[in-house]
Amino acid sequence: MPYVTVKMLEGRTDEQKKALVEKVTEAVSETSGAPKEKVVVFLEDMPKNHYAVGGKRLSDQ
């Protein structure tokens with residue numbers, strides 16, 4: 001049973017998340033041979049103040 005975690009900055013709509021889950025599930029199923037029913041996808045929305053690049057939080061830029 002494949003598990004996939006997608007971490008992304010908050011702000012996507014429910015429709016975008018639904019489409020992402022469908023496409024990730026399809027890709028994992030096709031490449032791993034696992035049935036779609038066994039593919040688990042976790043979505044983690046991150047606020048900009050919890051994400052930093054080069055020592056600077058995105059919320060501070």
# chains A, B, ... in the order shown; residues from 1 in each chain; ligands from 1
>>> residues_around(residues="Pro47 in chain A", least_positions_apart="6", cutoff="12 Å", atoms="only C-alpha atoms", output="list in words")
Lys7, Met8, Leu9, Glu10, Gly11, Arg12, Arg57, Leu58, Ser59 and Asp60 of chain A
>>> write_last_selection(atoms="N, CA and C atoms", output="mmCIF file, in the first residue's frame")
data_model
loop_
_atom_site.group_PDB
_atom_site.id
_atom_site.type_symbol
_atom_site.label_atom_id
_atom_site.label_comp_id
_atom_site.auth_asym_id
_atom_site.auth_seq_id
_atom_site.Cartn_x
_atom_site.Cartn_y
_atom_site.Cartn_z
ATOM 1 N N LYS A 7 3.179 18.132 0.623
ATOM 2 C CA LYS A 7 3.219 19.336 1.449
ATOM 3 C C LYS A 7 3.252 20.528 0.504
ATOM 4 N N MET A 8 2.370 21.489 0.765
ATOM 5 C CA MET A 8 2.320 22.666 -0.095
ATOM 6 C C MET A 8 1.816 23.854 0.707
ATOM 7 N N LEU A 9 2.129 25.034 0.205
ATOM 8 C CA LEU A 9 1.654 26.231 0.877
ATOM 9 C C LEU A 9 0.138 26.303 0.772
ATOM 10 N N GLU A 10 -0.485 26.800 1.822
ATOM 11 C CA GLU A 10 -1.937 26.916 1.842
ATOM 12 C C GLU A 10 -2.413 27.853 0.732
ATOM 13 N N GLY A 11 -3.688 27.686 0.385
ATOM 14 C CA GLY A 11 -4.270 28.599 -0.597
ATOM 15 C C GLY A 11 -4.916 27.900 -1.785
ATOM 16 N N ARG A 12 -4.783 26.577 -1.883
ATOM 17 C CA ARG A 12 -5.416 25.864 -2.993
ATOM 18 C C ARG A 12 -6.890 25.639 -2.680
ATOM 19 N N ARG A 57 11.522 33.347 6.277
ATOM 20 C CA ARG A 57 10.168 32.816 6.128
ATOM 21 C C ARG A 57 9.467 33.503 4.958
ATOM 22 N N LEU A 58 8.644 32.763 4.267
ATOM 23 C CA LEU A 58 7.917 33.354 3.143
ATOM 24 C C LEU A 58 6.972 34.448 3.609
ATOM 25 N N SER A 59 6.469 34.335 4.828
ATOM 26 C CA SER A 59 5.576 35.366 5.351
ATOM 27 C C SER A 59 6.308 36.690 5.608
ATOM 28 N N ASP A 60 7.629 36.663 5.692
ATOM 29 C CA ASP A 60 8.409 37.881 5.952
ATOM 30 C C ASP A 60 8.886 38.548 4.671
#
>>> select_by_dssp(residues="chain A", states="alpha helix (DSSP H)", output="ChimeraX atom specification")
/A:14-32
>>> select_by_dssp(residues="chain A", states="strand (DSSP E or B)", output="ChimeraX atom specification")
/A:3-9,40-46,52-53,56-57
>>> write_last_selection(atoms="N, CA and C atoms", output="PDB file, in the first residue's frame")
ATOM      1  N   TYR A   3       1.978   5.066   0.322  1.00  0.00           N
ATOM      2  CA  TYR A   3       1.559   6.274   1.026  1.00  0.00           C
ATOM      3  C   TYR A   3       2.309   7.449   0.415  1.00  0.00           C
ATOM      4  N   VAL A   4       1.599   8.517   0.086  1.00  0.00           N
ATOM      5  CA  VAL A   4       2.204   9.708  -0.519  1.00  0.00           C
ATOM      6  C   VAL A   4       1.796  10.906   0.317  1.00  0.00           C
ATOM      7  N   THR A   5       2.772  11.724   0.702  1.00  0.00           N
ATOM      8  CA  THR A   5       2.493  12.966   1.416  1.00  0.00           C
ATOM      9  C   THR A   5       2.851  14.135   0.511  1.00  0.00           C
ATOM     10  N   VAL A   6       1.906  15.037   0.334  1.00  0.00           N
ATOM     11  CA  VAL A   6       2.125  16.242  -0.462  1.00  0.00           C
ATOM     12  C   VAL A   6       2.055  17.427   0.489  1.00  0.00           C
ATOM     13  N   LYS A   7       3.179  18.132   0.623  1.00  0.00           N
ATOM     14  CA  LYS A   7       3.219  19.336   1.449  1.00  0.00           C
ATOM     15  C   LYS A   7       3.252  20.528   0.504  1.00  0.00           C
ATOM     16  N   MET A   8       2.370  21.489   0.765  1.00  0.00           N
ATOM     17  CA  MET A   8       2.320  22.666  -0.095  1.00  0.00           C
ATOM     18  C   MET A   8       1.816  23.854   0.707  1.00  0.00           C
ATOM     19  N   LEU A   9       2.129  25.034   0.205  1.00  0.00           N
ATOM     20  CA  LEU A   9       1.654  26.231   0.877  1.00  0.00           C
ATOM     21  C   LEU A   9       0.138  26.303   0.772  1.00  0.00           C
ATOM     22  N   VAL A  40      -2.756   5.759  -0.795  1.00  0.00           N
ATOM     23  CA  VAL A  40      -3.173   6.722   0.228  1.00  0.00           C
ATOM     24  C   VAL A  40      -2.412   8.022  -0.001  1.00  0.00           C
ATOM     25  N   VAL A  41      -3.146   9.141  -0.084  1.00  0.00           N
ATOM     26  CA  VAL A  41      -2.527  10.447  -0.304  1.00  0.00           C
ATOM     27  C   VAL A  41      -2.879  11.353   0.873  1.00  0.00           C
ATOM     28  N   PHE A  42      -1.843  11.929   1.484  1.00  0.00           N
ATOM     29  CA  PHE A  42      -2.012  12.900   2.569  1.00  0.00           C
ATOM     30  C   PHE A  42      -1.700  14.288   2.018  1.00  0.00           C
ATOM     31  N   LEU A  43      -2.569  15.244   2.256  1.00  0.00           N
ATOM     32  CA  LEU A  43      -2.309  16.632   1.873  1.00  0.00           C
ATOM     33  C   LEU A  43      -2.031  17.434   3.138  1.00  0.00           C
ATOM     34  N   GLU A  44      -0.925  18.151   3.128  1.00  0.00           N
ATOM     35  CA  GLU A  44      -0.570  18.989   4.280  1.00  0.00           C
ATOM     36  C   GLU A  44      -0.421  20.428   3.810  1.00  0.00           C
ATOM     37  N   ASP A  45      -1.354  21.281   4.227  1.00  0.00           N
ATOM     38  CA  ASP A  45      -1.256  22.706   3.936  1.00  0.00           C
ATOM     39  C   ASP A  45      -0.343  23.361   4.959  1.00  0.00           C
ATOM     40  N   MET A  46       0.575  24.156   4.475  1.00  0.00           N
ATOM     41  CA  MET A  46       1.508  24.835   5.378  1.00  0.00           C
ATOM     42  C   MET A  46       1.299  26.344   5.266  1.00  0.00           C
ATOM     43  N   ALA A  52      10.368  28.306   5.188  1.00  0.00           N
ATOM     44  CA  ALA A  52      11.452  29.267   4.968  1.00  0.00           C
ATOM     45  C   ALA A  52      12.396  28.764   3.888  1.00  0.00           C
ATOM     46  N   VAL A  53      12.956  29.718   3.153  1.00  0.00           N
ATOM     47  CA  VAL A  53      13.970  29.425   2.146  1.00  0.00           C
ATOM     48  C   VAL A  53      15.115  30.406   2.371  1.00  0.00           C
ATOM     49  N   LYS A  56      14.853  32.739   5.447  1.00  0.00           N
ATOM     50  CA  LYS A  56      13.772  33.739   5.537  1.00  0.00           C
ATOM     51  C   LYS A  56      12.421  33.083   5.334  1.00  0.00           C
ATOM     52  N   ARG A  57      11.522  33.347   6.277  1.00  0.00           N
ATOM     53  CA  ARG A  57      10.168  32.816   6.128  1.00  0.00           C
ATOM     54  C   ARG A  57       9.467  33.503   4.958  1.00  0.00           C
TER      55      ARG A  57
END
>>> atom_distance(atom1="CA of Lys17 in chain A", atom2="CA of Gln61 in chain A")
25.7 Å
>>> atom_distance(atom1="CA of Ala34 in chain A", atom2="CA of Ala19 in chain A")
19.4 Å
>>> atom_distance(atom1="CA of Val39 in chain A", atom2="CA of Gln16 in chain A")
18.6 Å
